[in-house]
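**Student:** Quick one: this structure, given as structure tokens, is what I'll be asking you about.
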Amino acid sequence: MDEYDDRVLRNYVKGLDGEQLFYEMTQSLSCLQLWDVSVEMKGSVQFDFLFISDGRIYHFEIKNFSGNYSFMHGNLVSEHGYVYKDVLPQLMRADYKLKELVRSTRYEVISRVVFINPSFRVEGWRGHSNVLFHHQLDGVIDYFKNSEVTPEDYELAAYLIKQHRTHNKYQRIKYYPVTEMKKEMRCPKCRKLSLCHVKNMHYTSCYCGYTEKLDSTIFRVIDELEILKVGPLKITTLVEWTGLNRKTIERFMQKYCERQEKYCYSLKNVVKTKESTTFLPEIT
């Protein structure tokens with residue numbers, strides 16, 4: 001990847017990891033929770049998490065900053081010299097848009113930035129009512145533990161979901177030659193090309209500790225090849241991109257695929273709607 005794409009991807013993945021951590025910490029709460037709602041309102045605005053409870057909408061903007069920072073003149077400055085000046089203005093812009101969106105309802109909007117990473121430290125910080133740190137989240141979780149969801153809450157959640165519009169502010173089309181890509185299986189946990197088939201077993205594993213059913217891994221490779229537009233689905237193509245032996249791929253094809261023409265296959269309809277989009281859980 002070129003430098004720009006690599007930087008954008010790294011920032012995206014780090015942000016997603018932070019949202020995943022927040023989700024895991026709060027998924028058992030009883031309030032209604034919406035994750036990643038994007039709305040077009042004279043410009044696009046995105047809400048990381050919206051919790052609906054007790055006549056309020058709680059908007060949480062997640063930031064996964066890590067390491068040591070200094071707070072100077074309203075800016076966050078990393079120890080490497082990077083300056084982040086729009087954290088609170090970004091929150092307040094989204095707060096304003098959300099209030100406009102639900103203005104006709106009785107719901108109050110409360111917005112907070114959550115610095116989710118426990119390693120994040122800020123020198124010179126004097127506190128702000130709209131900012132939460134990792135060590136403060138226990139209080140947030142306790143607050144929502146006994147929430148009761150009302151029919152009105154469900155109506156509001158449905159309304160917000162209906163307003164959702166998919167967009168990507170980083171969208172950029174750039175084609176990388178498939179011939180230059182490494183033909184190996186990527187681990188969905190650490191994202192490295194280090195997922196390998198465990199000999200004589202029906203699962204794959206990575207040195208990071210991740211394990212997965214073999215069929216699920218092959219389904220994911222097929223999805224990736226479709227995105228890359230490698231070409232027709234063939235046994236030889238899967239052998240090349242997975243490193244699995246031909247007999248293993250042939251058994252997979254017999255179970256989940258149907259022949260379209262000589263040497264070319266397609267996933268069966270039932271597989272396309274179920275198994276190719278819902279992978280089996282991690283083995284524990």
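Residue numbering restarts at 1 for every chain of the structure tokens, chains are lettered A, B, ... in their displayed order, and ligands are numbered from 1 as they appear.
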Run DSSP on the backbone and grab whatever in region 121-267 of chain A lands in alpha helix (DSSP H); send it over as a ChimeraX atom specification.
**Tutor:** /A:137-144,151-163,214-228,235-242,246-256
**Student:** At a cut-off of 9 Å, using only C-alpha atoms, what residues contact region 65-68 of chain A? Leave out same-chain residues fewer than 2 positions from it and give the result as a list in words.
**Tutor:**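 Contacts, in chain order: Lys14, Gly15, Gly18, Lys63, Ser70, Val77, Ser78, Glu79, Phe115, Ile116, Asn117, Pro118, Ser119, Phe120, Arg121, Val122 and Glu123 of chain A.
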**Student:** When you look at Lys162 (chain A) with a cut-off of 10 Å (counting only C-alpha atoms), what residues show up, excluding the ones that are within fewer than 5 positions of it in the same chain? I need them as a PyMOL selection string.
**Tutor:** chain A and resi 37+39+156-157
**Student:** Which distance in Å separates CA of Thr217 (chain A) and CA of Leu195 (chain A), to one decimal?
**Tutor:**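 Between CA of Thr217 (chain A) and CA of Leu195 (chain A) the gap works out to 8.8 Å.
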**Student:** Which residue is closest to Cys196 (chain A)? Choose from A:Asn11, A:Asn75, A:Gln254, A:Thr242 and count only C-alpha atoms.
**Tutor:**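 So, comparing all the options, the nearest one is A:Thr242.
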**Student:** Please report, as a PyMOL selection string, each residue of region 16-200 of chain A to which DSSP assigns strand (DSSP E or B) when run on this structure's backbone.
**Tutor:** chain A and resi 32-40+44-53+56-63+68-72+75-78+83-84+108-115+121-123+131-133+185+195-197
**Student:** Let me see the file: selected residues, C-alpha atoms, as a compact mmCIF listing (two decimals), in the first residue's frame.
**Tutor:**
# COMPACT_ATOMS: atom_id res chain seq x y z
CA LEU A 32 -31.11 0.30 23.68
CA GLN A 33 -27.76 0.69 21.94
CA LEU A 34 -27.00 1.76 18.37
CA TRP A 35 -23.50 1.48 16.94
CA ASP A 36 -22.19 3.58 14.04
CA VAL A 37 -25.14 5.63 12.83
CA SER A 38 -24.43 8.02 9.95
CA VAL A 39 -26.87 10.74 8.92
CA GLU A 40 -26.98 13.31 6.12
CA SER A 44 -22.70 14.06 6.92
CA VAL A 45 -22.39 13.31 10.62
CA GLN A 46 -21.52 10.01 12.28
CA PHE A 47 -22.36 8.83 15.80
CA ASP A 48 -20.18 6.07 17.25
CA PHE A 49 -22.64 4.90 19.93
CA LEU A 50 -26.14 6.04 20.91
CA PHE A 51 -27.70 4.71 24.12
CA ILE A 52 -31.41 5.37 24.66
CA SER A 53 -32.59 5.34 28.27
CA ARG A 56 -32.32 10.66 27.13
CA ILE A 57 -30.06 9.85 24.22
CA TYR A 58 -26.48 9.36 25.34
CA HIS A 59 -24.02 9.93 22.52
CA PHE A 60 -20.53 8.46 22.99
CA GLU A 61 -17.70 9.41 20.65
CA ILE A 62 -14.87 6.87 21.03
CA LYS A 63 -11.21 7.84 20.73
CA ASN A 68 1.53 10.09 26.48
CA TYR A 69 0.04 13.42 25.40
CA SER A 70 0.15 17.02 26.51
CA PHE A 71 -2.81 19.39 26.58
CA MET A 72 -1.71 22.78 25.26
CA ASN A 75 -4.95 20.87 21.59
CA LEU A 76 -3.81 17.34 22.32
CA VAL A 77 -0.16 16.93 21.37
CA SER A 78 1.36 13.46 21.25
CA VAL A 83 -1.44 17.72 17.10
CA TYR A 84 -5.14 16.88 17.47
CA GLU A 108 -32.65 15.08 25.93
CA VAL A 109 -29.24 14.63 24.26
CA ILE A 110 -26.07 14.11 26.30
CA SER A 111 -22.75 13.77 24.46
CA ARG A 112 -19.39 12.57 25.73
CA VAL A 113 -15.96 11.83 24.28
CA VAL A 114 -14.60 8.55 25.64
CA PHE A 115 -10.84 8.00 25.60
CA ARG A 121 -2.21 9.80 29.58
CA VAL A 122 -2.56 13.60 29.29
CA GLU A 123 -0.21 16.03 31.00
CA VAL A 131 -14.77 13.94 28.50
CA LEU A 132 -14.52 10.46 30.00
CA PHE A 133 -11.46 8.25 30.47
CA MET A 185 -4.60 -16.52 4.60
CA LEU A 195 -3.33 -18.15 9.48
CA CYS A 196 -2.40 -21.79 8.83
CA HIS A 197 -4.23 -25.09 8.58
**Student:** Taking only C-alpha atoms into account, name the residue in A:Arg191, A:Lys247, A:Tyr265, A:Lys234 that is nearest to Leu9 (chain A).
**Tutor:**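 Of all the options, A:Arg191 lies closest to Leu9 (chain A).
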**Student:** Using only C-alpha atoms, which residue out of A:Pro188, A:Leu98, A:Val230, A:Asp54 lies closest to Thr211 (chain A)?
**Tutor:** A:Pro188
**Student:** Restricting the calculation to only C-alpha atoms, which member of A:Ser147, A:Cys187, A:Asp223, A:Lys199 is positioned closest to Ser266 (chain A)?
**Tutor:** A:Asp223
**Student:** How far is it from CA of Asn64 (chain A) to CA of Asp17 (chain A), in Å with one decimal?
**Tutor:**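 Distance between the two atoms: 7.6 Å.
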**Student:** Smallest atom-to-atom distance to Leu244 (chain A): which of A:Asp138, A:Glu258, A:Glu3, A:Asp215, using only C-alpha atoms?
**Tutor:**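 Among the listed residues, the smallest separation from Leu244 (chain A) belongs to A:Asp215.
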